[in-house]
Each structure stands twice: as C-alpha cells, then as structure tokens.
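First the structure, in the form of structure tokens, and then the observations on it.
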Amino acid sequence: MNYKLRIACLFLLFFGFSYSQNQSWGSYFSYNHIIDLTHSESRIFAATENALFSQNLVNYEIQTINSIDGLKSENITTVYHSIEFGKTFIGNSNGLLIVINHSNNNQIINKVDIINNVPVPQTLKRINHFFEYNQKIYIATDYGITVFNPSTLEFGDTYFIGLAGQETQVLQTTVFDGYIYAVTPGIGLRRALISNPNLIHFNSWEIFDSGSWKGVASVGNFLVASTTDNHLYRFSGTTQIPVINTNQTMLSVRSENGYLTVTTASTVYVLNHFMGLVAQIGQIFGEPLQYTSSLVKGNTLYIGSRTKGIFSINLNNQGFFENYIPEGPIRNTVYSIKATATDLWCVFGYSNYQNNPYAQGLSQFGISKLTSEGWLHIPYEDVLEARSLSKVILQPNNENVAYIGSNFSGILKVENNVPTELYNQHNTGQNGLETFYEDGTSDVRIHNLAYDRSNNLWATNAGIGGKLKVLRTSGNWQSYNITEGPSHFGDLVIDKNNTKWVASVLGLGVIGFNDTHQNRKIVIDDSYGNGLPINNVKTLAIDKNNRLWIGTQWGLRILPSVDRFLTEDQPSVNPVIIMEDGLAQELLYRQNVSKIKIDGADQKWLGTMGAGVFLVSPNGQETIYHFTKDNSPLPSNTILDIDINPQTGEVFFATDKGMVSYKGASTAPSDNLAGVYVYPNPVRPEYSGTVKVTGLTDQANVKITDIEGNLVFEANSSGGTVEWDTTAFGRYRVASGVYMIFIATRDATETKVKKVMIVR
C-alpha cells in the first residue's frame, strides 16, 4: 500500500513560549515518545514520559500540559479520560495519581494515597491501567486493584487478590457479563462478580483461566485476552477461540467505541465488535517506527509512537495519514546544551557519571537546535554515524560553525546546520585523536571542548593515558599527555593565562596544564591538606574574579585565583562557608555537583545530581534561589547541564526528564548603551512578569518615571540587566500609561532614554 503522509507539527514561539501559568519559566519538552492515549468527546490526549498534550478533533489545535502548568509526574505509565466526569487520570510508576479537572480550568490535583497509605513496598506501587465502570475507576497496580471515586476524588477499597490474599501484580481489568476480570501474570485471569459487596476479600475472586495472560478487554459480546506468547483469544464460556497471532509482543489490547485495537511495536490491528479485522497498519515511513498504543475514535485510528508523536488514519481511507506532535527537542533526556543570543543547541549522548557511553546503550539521537523559526532536527542518519554526542561549542566569531564532541566517535563538525566532517583516529594524523580500548571495545571518547584566546580548539581525549588534543588554527593537531592511567574527564575550561583546567570524573581530581609555560602541570586532589574532599570532579567554571569553582561528587571547592597555578604545586582550595540557623555550614556539603554556570552578574548557578539547582551570590555566601521539583517547574532534581542566553539572561536547565528555563535577568554587561532595549513592550494585561531593561553597562543607573516625571523606580545594574516589577517602589502597581526610562553609565558619561507602555 502506498501511504500519503501529511505532517502537522504544531509549534510554539521561540524563547518565551508555553509560559502558561508561570511566566517566569519556559518549557522545552519533547513530546515524541507517547506512553498512552485516551480521548474526550472533542480531543485526543497523549501522555508522554512526564507531560500531556491534546489535539482538538475539529480545528487540530494542540495544547500542552507540563511542569510549568503544575503537572509534576514521576514516570507516566498510563492515562485515562472520563467523559462522564470531565477529568483526566494519569498514573505513574511510583503510585502517584494525577487528576486534571478540565471543567475547572485544567486544575491539577495530586493524589498520593497509594504512595503513602498502601502497605506494600514502594517498588510495587506502579499504576498499570484505569477502567471506569458504574461511576468508579478501577486502578490496576503492581499490588492489586484500588477503587477510586472520580466524583469525590476519594480512594475506596483495595483488593489484594493473590491466592492467599497477598499483593499480586494486576496489569489490566475489564467488566464483562456481570464479572470484573483482572490479568495477573503470576496466577492467570481472575474474576469476581462486580456486584459482590465483599470484593475486598480474596476468596471472592476465582481463577477464570490459569494461562499466561497479559491483557484483557471486552468488545461487543466478546471477552478477549492476550497471552505472553503473542496470541489473542476470545472466550466462549471458558473455551478459548484464536483470533490473531501477532508474532510480536502485544503492548496493549484496548476496547474503544465498538472497536478492539491490538498494538505491537511495528503493527496495529483493528477489529470490530464481531471480531472482524478492519485494519492492519504496518510501517508508515520507510524507516522502522515503534508503536506504543492505539485507539479508535469515530472512524479514525490514532496510533502513539515512540519517536514521532501521534499518527491518525481514517479507517475508510487507509492510505492517508496525519502526524501530530508539538515541537520540541528529539527527546527529554538532554545531556548537553549550548545557548546563544538566538539559538539553543541540544545533544543527547547520555552516559553515567564516569562518562561510560555504554551505561545505557550507545545513543543515536542526532541534534536538536531551536532557532527563531522553531526547532531544527539533524537526525542520526545525517551526523556521519557519530554516537553519544556530548558537547557543543561554536567557533569564535562564526556561530555557523559548530564542533560537537562525541563520547564514542570523535568530533563532529557542523557548518550551517549540515554535518560536514567527523574527526577521529583515521583522519587527524599522528598527533590527532586516539582510540580508547577497554573490555574489548574501541572508540574515540571526546568528553569536552574549549577554545583558547587564540581560537585553537582543545579537546579532552579519554584513554589509557588521558590526552589533551588541540586543533590549531593552522589545521594541525597536537597532543599532550596529562594522565598516565585510565582517565575519564568532566569539564575543560581555559583561563586568562592560557592554563587548561581539566576535571577528572575517575579519581584524578583537577588537572592544570599550560603548554605556553613549558608544559607545566599541577594536580589538585585530596592527597594534601586543604585539597579536594574527593577526587571525582564533574564541573569547573572560572568567574569574573578569576576564581576557579570546582564541583565534585562530594561538594564544592574554590581556588581563590587561577594565578596560583604559576607559583604553587599544591594550591589550597576552600569550601564556601555559610551561616544557616546560626551555625557555620559548608555550602552543598556532600552534594554531587554536576554543573556550575556563571551569569552576567557573576552569580553562580549550581546544578546537582539530586538536589536541584542553587543560585548563589558572586562569593557564594548568599543563596538567592534553590529550585527543586517540589517548589518550581523543574521536572527533575537531576541536573545534567545549565546554560544561559547571553542577551536575555534566560537560564536553561537540562535534566534527565526534560528541559525548562528560568527567565533570569543577569546578562553580561555591555561596553556602552548603544544596544539598550526594553521588553516586553507594551506590557499587556495578561502579562504578570517583570519588565527588563537590558544591554546596560555594569553599575548603570536606571530611573523610571511616569509621564509627569514622578519617580516610580530606581536601581543600579549588576551585570547588563535591570528588572522592574511595574510597581511604584513595591507599594502598588502603576496605572496604565507611558513610562520614561532614564539610563546613565556609572560615570554619567553616556546616557539613554527609553519608553515603555503599561496596559492594565
């Protein structure tokens, strides 16, 4: 069959989109991987790994609901919409039940009763399936069945239906001919009279069939069930009658609107209520798609995929497909990002703390880039087979040329968004990139890249002997040995003295190396007093006072001046001591610090592996913000990378469960006031954020007055931006009108006047 495909990728605006209820935050989620589908009368809902989107069936408009809106999922496992109650129910792997009340402005309610009150191990609280019957929701879990009232949002009884009343995994339930059926992999199909008032007692449940069952549903006059060996049967009494053999694992069996859909990774089967085959949908593109779920609404089949969102097909015209997905990066686990004034680069070479690319399987995900025109994706097929991409760096003075480190394949060069060359051990000469050998594997592991002030490109090349490689502006490669034993590296930063500081994640501490000072090398580790707390170091940053900030697996240290490299073999590094509850404590004591990023005001953004993000003052003594999953839109407390838009101050947080941003105001100071601009302008009634005056010199004075000259705000910039909350010195919100902004440099030698309109 020749299929025609219309792709309807609906996207949101660049840098500042999808702020929904929280205009200080932005969302940059991937909606490619569909976990489950459900529908209302007018919309199809798709649950992704930790978010939700829906498509209007009339005008094809797409809405998203994610952590910016308050959807704080763990790992979504299933979703169900109750048409009768106008609510969507989202199940999670940890037992969290999320309810979205669409009749009350999409109110999001977290129900934690399963997590807190069901007396079973936490590993058994996964929610597998929802089934609605007679104004009750039957929740199938890894311990049994829990009843939920969708009207009152209260939990009812829990059924432990093991043979002796113990917990047992229930994958799916249905009601047929007066019985409730439950699929239990260890026991088989169990059933009980739905009218039995004593369903809480395990003796009320009988074994209907002891086979190896995986799914169960009812359609028309038939009860059907799927087996673990890929067969679908219907029952006549207790007699099993074969329906289909998929020859592939059945991922879901679902009854919707008089149809039965059976989903495998490569094929979706649609049967009517007479058990007749209506459609058998194989691969849509030439590439192998992976399906995850399906349902029928009206005459349309909707298919969820693992990598390309939702596909729809009219069952009366099966040669025509449509593809719906909100725009976003290729996937949610964004390993590394690079933000510029106009673009945002994302790569996905996730590995473990020690930079082992095999830890979760070699990644083959290509590149995502957000531009002013939306998301651009460079698929894996076009990146010259470069796997586990781990770091993006742009050529100085030419952002159209990017070099991307691969933790498996070397260095990928991308020119004008087109991969043009892959540097590896075969094409970089005798002093070029080298192969890493371990346990029978061989690959070229480039963990990090950095440019020096002469525009030479430096790279950390992991191997039996750790190397620093440099691609000179002449095109020649040079090599420097900086470790003798096995080595895996974190950040690479270069200071004003041309010293290369290299983090070691494999117990070697911080290595300082300078090829312009007779190849001098020092090591900062835990072997001497006032050294590191541990030698596993992930991240480094140099601030505006030339201090080296060191993020280790056990906390934070600071080298007071990078100049100490030139005079000391074992320089002292210091913790940041803060006062908390009247006691002196170490900032981020024993925390695994994953990323340090310094903004335009010399403030430090500190990402951690489990404790979220901290923003601290330039000296670290004051904690300005501490963002976690619980108190902010962060989708996870595991921070993989942080970067900052240098023009707007927007701070991007890449986590293992999606990417969000905080609309910061700390941009780098400008040399003059020529580029000052004000945004948003005008300020409309629906906007609740701050007005930002950016492009300032450091310590510029900003005064704002109404049209009559009354002063309503004054501040000096720290960095390149000042924020105004549109109040008169915090006392009251100013009225609608035009407001004058008077700007002067610190020495008053340069001035600028701007205007902003406020519309209430």
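Letters A, B, ... go to the chains of the structure tokens in the order shown; residues in each chain start at 1; ligands are counted from 1 in the same order.
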Test item: residues at most 9 Å from region 364-381 of chain A, only C-alpha atoms, excluding those fewer than 2 positions along its chain, as a tab-separated table (two decimals) with N, CA and C atoms, in the first residue's frame:
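This went into part_8.tsv:
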chain	number	residue	atom	x	y	z
A	11	PHE	N	3.74	24.14	16.49
A	11	PHE	CA	4.82	24.60	17.35
A	11	PHE	C	4.47	25.91	18.02
A	12	LEU	N	5.21	26.19	19.05
A	12	LEU	CA	5.02	27.40	19.85
A	12	LEU	C	6.16	28.36	19.58
A	13	LEU	N	6.05	29.57	20.05
A	13	LEU	CA	7.01	30.59	19.71
A	13	LEU	C	8.33	30.39	20.43
A	14	PHE	N	9.39	30.88	19.84
A	14	PHE	CA	10.76	30.71	20.32
A	14	PHE	C	11.05	31.57	21.55
A	15	PHE	N	11.79	30.99	22.49
A	15	PHE	CA	12.30	31.67	23.69
A	15	PHE	C	11.23	32.51	24.38
A	327	GLU	N	6.07	20.85	18.79
A	327	GLU	CA	7.50	20.93	18.53
A	327	GLU	C	8.29	20.90	19.82
A	328	GLY	N	9.48	20.35	19.73
A	328	GLY	CA	10.37	20.26	20.87
A	328	GLY	C	11.62	19.52	20.48
A	329	PRO	N	12.54	19.30	21.41
A	329	PRO	CA	13.76	18.55	21.10
A	329	PRO	C	13.44	17.09	20.80
A	330	ILE	N	14.44	16.36	20.33
A	330	ILE	CA	14.23	14.97	19.94
A	330	ILE	C	13.78	14.13	21.12
A	331	ARG	N	14.35	14.38	22.29
A	331	ARG	CA	13.99	13.59	23.46
A	331	ARG	C	14.15	14.45	24.71
A	342	THR	N	20.46	33.77	19.93
A	342	THR	CA	19.36	33.43	19.02
A	342	THR	C	19.03	31.95	18.96
A	343	ASP	N	19.94	31.09	19.37
A	343	ASP	CA	19.77	29.65	19.18
A	343	ASP	C	19.99	28.87	20.48
A	344	LEU	N	19.49	27.64	20.46
A	344	LEU	CA	19.73	26.72	21.57
A	344	LEU	C	20.02	25.35	20.98
A	345	TRP	N	21.25	24.87	21.20
A	345	TRP	CA	21.67	23.55	20.71
A	345	TRP	C	21.46	22.50	21.80
A	346	CYS	N	21.03	21.32	21.40
A	346	CYS	CA	20.83	20.21	22.35
A	346	CYS	C	21.40	18.93	21.76
A	347	VAL	N	22.16	18.19	22.57
A	347	VAL	CA	22.62	16.86	22.19
A	347	VAL	C	22.26	15.88	23.30
A	348	PHE	N	22.29	14.58	22.98
A	348	PHE	CA	21.61	13.60	23.81
A	348	PHE	C	22.46	12.38	24.15
A	349	GLY	N	23.79	12.58	24.23
A	349	GLY	CA	24.67	11.44	24.46
A	349	GLY	C	24.77	11.05	25.91
A	362	LEU	N	24.51	2.73	23.65
A	362	LEU	CA	25.04	3.81	22.83
A	362	LEU	C	23.89	4.62	22.22
A	383	VAL	N	24.39	12.58	10.84
A	383	VAL	CA	25.53	13.07	11.64
A	383	VAL	C	26.75	12.18	11.46
A	384	LEU	N	26.85	11.54	10.30
A	384	LEU	CA	28.04	10.75	9.92
A	384	LEU	C	28.30	9.63	10.92
A	385	GLU	N	27.20	9.07	11.46
A	385	GLU	CA	27.25	7.95	12.40
A	385	GLU	C	27.95	8.29	13.71
A	386	ALA	N	27.97	9.56	14.07
A	386	ALA	CA	28.54	9.96	15.36
A	386	ALA	C	27.55	9.63	16.47
A	387	ARG	N	27.98	8.85	17.44
A	387	ARG	CA	27.12	8.42	18.54
A	387	ARG	C	27.49	9.16	19.83
A	388	SER	N	26.57	9.13	20.78
A	388	SER	CA	26.80	9.67	22.12
A	388	SER	C	27.38	11.09	22.07
A	389	LEU	N	26.70	11.99	21.36
A	389	LEU	CA	27.14	13.37	21.26
A	389	LEU	C	27.05	14.03	22.63
A	417	ASN	N	24.41	24.18	9.83
A	417	ASN	CA	23.47	23.12	10.23
A	417	ASN	C	23.63	21.83	9.43
A	418	VAL	N	24.73	21.68	8.73
A	418	VAL	CA	24.99	20.46	7.96
A	418	VAL	C	26.28	19.82	8.47
A	419	PRO	N	26.21	18.58	8.99
A	419	PRO	CA	27.44	17.89	9.39
A	419	PRO	C	28.34	17.67	8.17
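A straight line drawn from CA of Glu568 (chain A) to CA of His447 (chain A) is 27.5 Å long.
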Please return, as a ChimeraX atom specification, all residues of region 101-296 of chain A that DSSP assigns to helix (DSSP H, G or I) on the basis of the backbone. /A:102-104,113-117,122-124,202-204
Would you kindly return, as an mmCIF file with N, CA and C atoms, in the first residue's frame, each protein, DNA or RNA residue with an atom no farther than 12 Å from any atom of Tyr589 (chain A), considering only C-alpha atoms and excluding same-chain residues fewer than 6 positions away?
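Below is the file that was written, out27.cif:
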data_model
loop_
_atom_site.group_PDB
_atom_site.id
_atom_site.type_symbol
_atom_site.label_atom_id
_atom_site.label_comp_id
_atom_site.auth_asym_id
_atom_site.auth_seq_id
_atom_site.Cartn_x
_atom_site.Cartn_y
_atom_site.Cartn_z
ATOM 1 N N PRO A 533 37.630 17.359 48.625
ATOM 2 C CA PRO A 533 37.015 16.363 49.510
ATOM 3 C C PRO A 533 37.000 14.976 48.878
ATOM 4 N N ILE A 534 37.040 14.912 47.551
ATOM 5 C CA ILE A 534 37.068 13.655 46.811
ATOM 6 C C ILE A 534 37.633 13.971 45.437
ATOM 7 N N GLY A 551 33.280 21.702 41.102
ATOM 8 C CA GLY A 551 32.158 20.884 41.559
ATOM 9 C C GLY A 551 32.541 19.426 41.599
ATOM 10 N N THR A 552 32.531 18.835 42.804
ATOM 11 C CA THR A 552 32.926 17.442 42.977
ATOM 12 C C THR A 552 31.714 16.590 43.331
ATOM 13 N N GLN A 553 31.961 15.308 43.434
ATOM 14 C CA GLN A 553 30.900 14.387 43.816
ATOM 15 C C GLN A 553 30.518 14.549 45.282
ATOM 16 N N TRP A 554 31.371 15.255 46.050
ATOM 17 C CA TRP A 554 31.113 15.486 47.473
ATOM 18 C C TRP A 554 31.080 16.966 47.830
ATOM 19 N N GLY A 555 30.727 17.799 46.907
ATOM 20 C CA GLY A 555 30.596 19.191 47.267
ATOM 21 C C GLY A 555 31.388 20.147 46.402
ATOM 22 N N LEU A 556 31.551 21.367 46.919
ATOM 23 C CA LEU A 556 32.066 22.495 46.166
ATOM 24 C C LEU A 556 33.380 22.997 46.769
ATOM 25 N N ARG A 557 34.318 23.365 45.901
ATOM 26 C CA ARG A 557 35.554 23.996 46.342
ATOM 27 C C ARG A 557 35.889 25.154 45.406
ATOM 28 N N PRO A 575 36.286 25.521 50.850
ATOM 29 C CA PRO A 575 34.830 25.391 50.772
ATOM 30 C C PRO A 575 34.184 26.762 50.929
ATOM 31 N N VAL A 576 32.894 26.847 50.585
ATOM 32 C CA VAL A 576 32.125 28.062 50.846
ATOM 33 C C VAL A 576 31.383 27.849 52.162
ATOM 34 N N ILE A 577 31.718 28.674 53.159
ATOM 35 C CA ILE A 577 31.093 28.545 54.480
ATOM 36 C C ILE A 577 29.965 29.567 54.590
ATOM 37 N N ILE A 578 28.781 29.068 54.903
ATOM 38 C CA ILE A 578 27.608 29.930 55.046
ATOM 39 C C ILE A 578 27.045 29.768 56.449
ATOM 40 N N THR A 608 22.903 20.085 40.613
ATOM 41 C CA THR A 608 23.282 18.904 41.389
ATOM 42 C C THR A 608 22.613 17.656 40.821
ATOM 43 N N ALA A 611 19.559 17.272 44.064
ATOM 44 C CA ALA A 611 19.087 18.352 44.945
ATOM 45 C C ALA A 611 18.659 19.585 44.169
#
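Reported to one decimal place, the separation of CA of Tyr60 (chain A) from CA of Phe311 (chain A) is 12.7 Å.
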Please provide the set of residues having any atom within 8 Å of Thr648 (chain A), restricted to only C-alpha atoms, with same-chain residues fewer than 6 positions apart removed, written as a list in words.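 Once the nearby chain positions are removed, what remains is Ala341, Lys663, Gly664, Ala665, Thr667 and Thr694 of chain A.
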With N, CA and C atoms retained, write the just-selected residues as a PDB file, in the first residue's frame.
ATOM      1  N   ALA A 341      22.536  33.991  21.723  1.00  0.00           N
ATOM      2  CA  ALA A 341      21.502  35.025  21.761  1.00  0.00           C
ATOM      3  C   ALA A 341      20.288  34.642  20.929  1.00  0.00           C
ATOM      4  N   LYS A 663      13.461  32.659  33.503  1.00  0.00           N
ATOM      5  CA  LYS A 663      13.683  33.945  32.848  1.00  0.00           C
ATOM      6  C   LYS A 663      14.495  34.846  33.765  1.00  0.00           C
ATOM      7  N   GLY A 664      15.780  34.625  33.783  1.00  0.00           N
ATOM      8  CA  GLY A 664      16.656  35.420  34.618  1.00  0.00           C
ATOM      9  C   GLY A 664      16.882  36.810  34.047  1.00  0.00           C
ATOM     10  N   ALA A 665      17.589  37.611  34.782  1.00  0.00           N
ATOM     11  CA  ALA A 665      17.866  38.978  34.337  1.00  0.00           C
ATOM     12  C   ALA A 665      19.342  39.312  34.440  1.00  0.00           C
ATOM     13  N   THR A 667      22.424  39.340  32.723  1.00  0.00           N
ATOM     14  CA  THR A 667      23.163  39.257  31.476  1.00  0.00           C
ATOM     15  C   THR A 667      24.516  39.925  31.644  1.00  0.00           C
ATOM     16  N   THR A 694      17.671  45.787  29.336  1.00  0.00           N
ATOM     17  CA  THR A 694      18.900  45.036  29.140  1.00  0.00           C
ATOM     18  C   THR A 694      19.802  45.742  28.136  1.00  0.00           C
TER      19      THR A 694
END
Tell me, counting only C-alpha atoms, for each residue of region 475-524 of chain A within 6 Å of region 426-437 of chain A, which pair of atoms is nearest and how far apart they are in Å to one decimal, in rows ordered by chain and increasing number, as a Markdown table.
| residue | atom | partner | partner_atom | distance |
| --- | --- | --- | --- | --- |
| A:Trp477 | CA | A:Gly432 | CA | 5.3 |
| A:Gln478 | CA | A:Asn431 | CA | 5.1 |
| A:Ser479 | CA | A:Asn431 | CA | 5.3 |
Write the residues of the preceding selection, restricted to C-alpha atoms, as an mmCIF file, in the first residue's frame.
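Okay, out-v7.cif is ready:
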data_model
loop_
_atom_site.group_PDB
_atom_site.id
_atom_site.type_symbol
_atom_site.label_atom_id
_atom_site.label_comp_id
_atom_site.auth_asym_id
_atom_site.auth_seq_id
_atom_site.Cartn_x
_atom_site.Cartn_y
_atom_site.Cartn_z
ATOM 1 C CA TRP A 477 46.794 18.642 15.529
ATOM 2 C CA GLN A 478 48.967 18.432 18.630
ATOM 3 C CA SER A 479 48.799 16.069 21.590
#
Determine which residues of region 60-260 of chain A receive a DSSP assignment of strand (DSSP E), computed from the backbone, and state them as number ranges by chain. A: 62-65, 76-82, 87-92, 97-101, 107-111, 127-133, 136-141, 145-149, 154-159, 172-176, 179-184, 188-193, 206-209, 213-219, 222-227, 231-236, 239-245, 252-256, 259-260
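Excluding region 212-227 of chain A itself and same-chain residues fewer than 2 positions from it, the residues having an atom within 6 Å of it are Gln172, Thr174, Gly188, Asp229, Asn230, His231, Leu232, Tyr233, Arg234, Phe235, Val253, Ser255 and His273 of chain A, counting only C-alpha atoms.
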Spatial neighbours of Glu750 (chain A), max dist 9 Å, only C-alpha atoms, sep filter under 4 positions, as a PyMOL selection string: chain A and resi 672-673+743-746
Could you please take those selected residues and save C-alpha atoms as a compact mmCIF listing (two decimals), in the first residue's frame?
# COMPACT_ATOMS: atom_id res chain seq x y z
CA ASN A 672 28.19 51.07 26.10
CA LEU A 673 24.48 51.86 26.00
CA ILE A 743 19.70 55.44 31.89
CA ALA A 744 23.19 56.69 32.71
CA THR A 745 26.52 54.91 32.87
CA ARG A 746 28.31 54.72 36.21
Do you know which residues are at most 9 Å from Val693 (chain A) counting only C-alpha atoms, after dropping those on the same chain fewer than 4 positions away, and could you put them as a ChimeraX atom specification? /A:665,676-679,702,720-724,741
Could you jot down the CA of Phe29 (chain A) to CA of Lys125 (chain A) separation for me, Å, one decimal place? 26.2 Å
When you count only C-alpha atoms, which of these residues is closest to Gly26 (chain A): A:Ser293, A:Asp382, A:Gly156, A:Met659?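 Nearest to Gly26 (chain A): A:Met659.
Among the candidates A:Ala47, A:Asn424, A:Gln122, A:Asp671, the one nearest to Ser305 (chain A) when counting only C-alpha atoms is A:Ala47.
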Proximity to Ser54 (chain A) - best of A:Gly309, A:Gly186, A:Gly144, A:Gly95, only C-alpha atoms: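 Closest residue, counting only C-alpha atoms: A:Gly309.
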Minimum-distance residue to Ala462 (chain A), chosen among A:Thr420, A:Thr246, A:Ser151, A:Asn356 (using only C-alpha atoms): A:Asn356
Within 8 Å of region 158-170 of chain A, which residues of region 185-269 of chain A show up? Give each one with its shortest atom-to-atom distance in Å (one decimal) and the two atoms involved, counting only C-alpha atoms, rows by chain then rising residue number, as CSV.
residue,atom,partner,partner_atom,distance
A:Pro185,CA,A:Gln169,CA,6.9
A:Gly186,CA,A:Thr168,CA,7.5
A:Ile187,CA,A:Gly162,CA,7.8
A:Leu199,CA,A:Tyr159,CA,6.8
A:Ile200,CA,A:Tyr159,CA,4.8
A:His201,CA,A:Tyr159,CA,7.2
A:Phe202,CA,A:Ile161,CA,4.9
A:Asn203,CA,A:Gly165,CA,7.9
A:Trp205,CA,A:Ile161,CA,6.8
Which one is closest to Glu61 (chain A): A:Ser42, A:Glu84, A:Arg190, A:Gln647? Count only C-alpha atoms.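 Closest to Glu61 (chain A) of all the choices is A:Ser42.
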Which of these, A:Thr333, A:Thr141, A:Asn32, A:Thr300, has the shortest distance to Phe320 (chain A) once you count only C-alpha atoms?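 Distance minimum relative to Phe320 (chain A) lands on A:Thr300.
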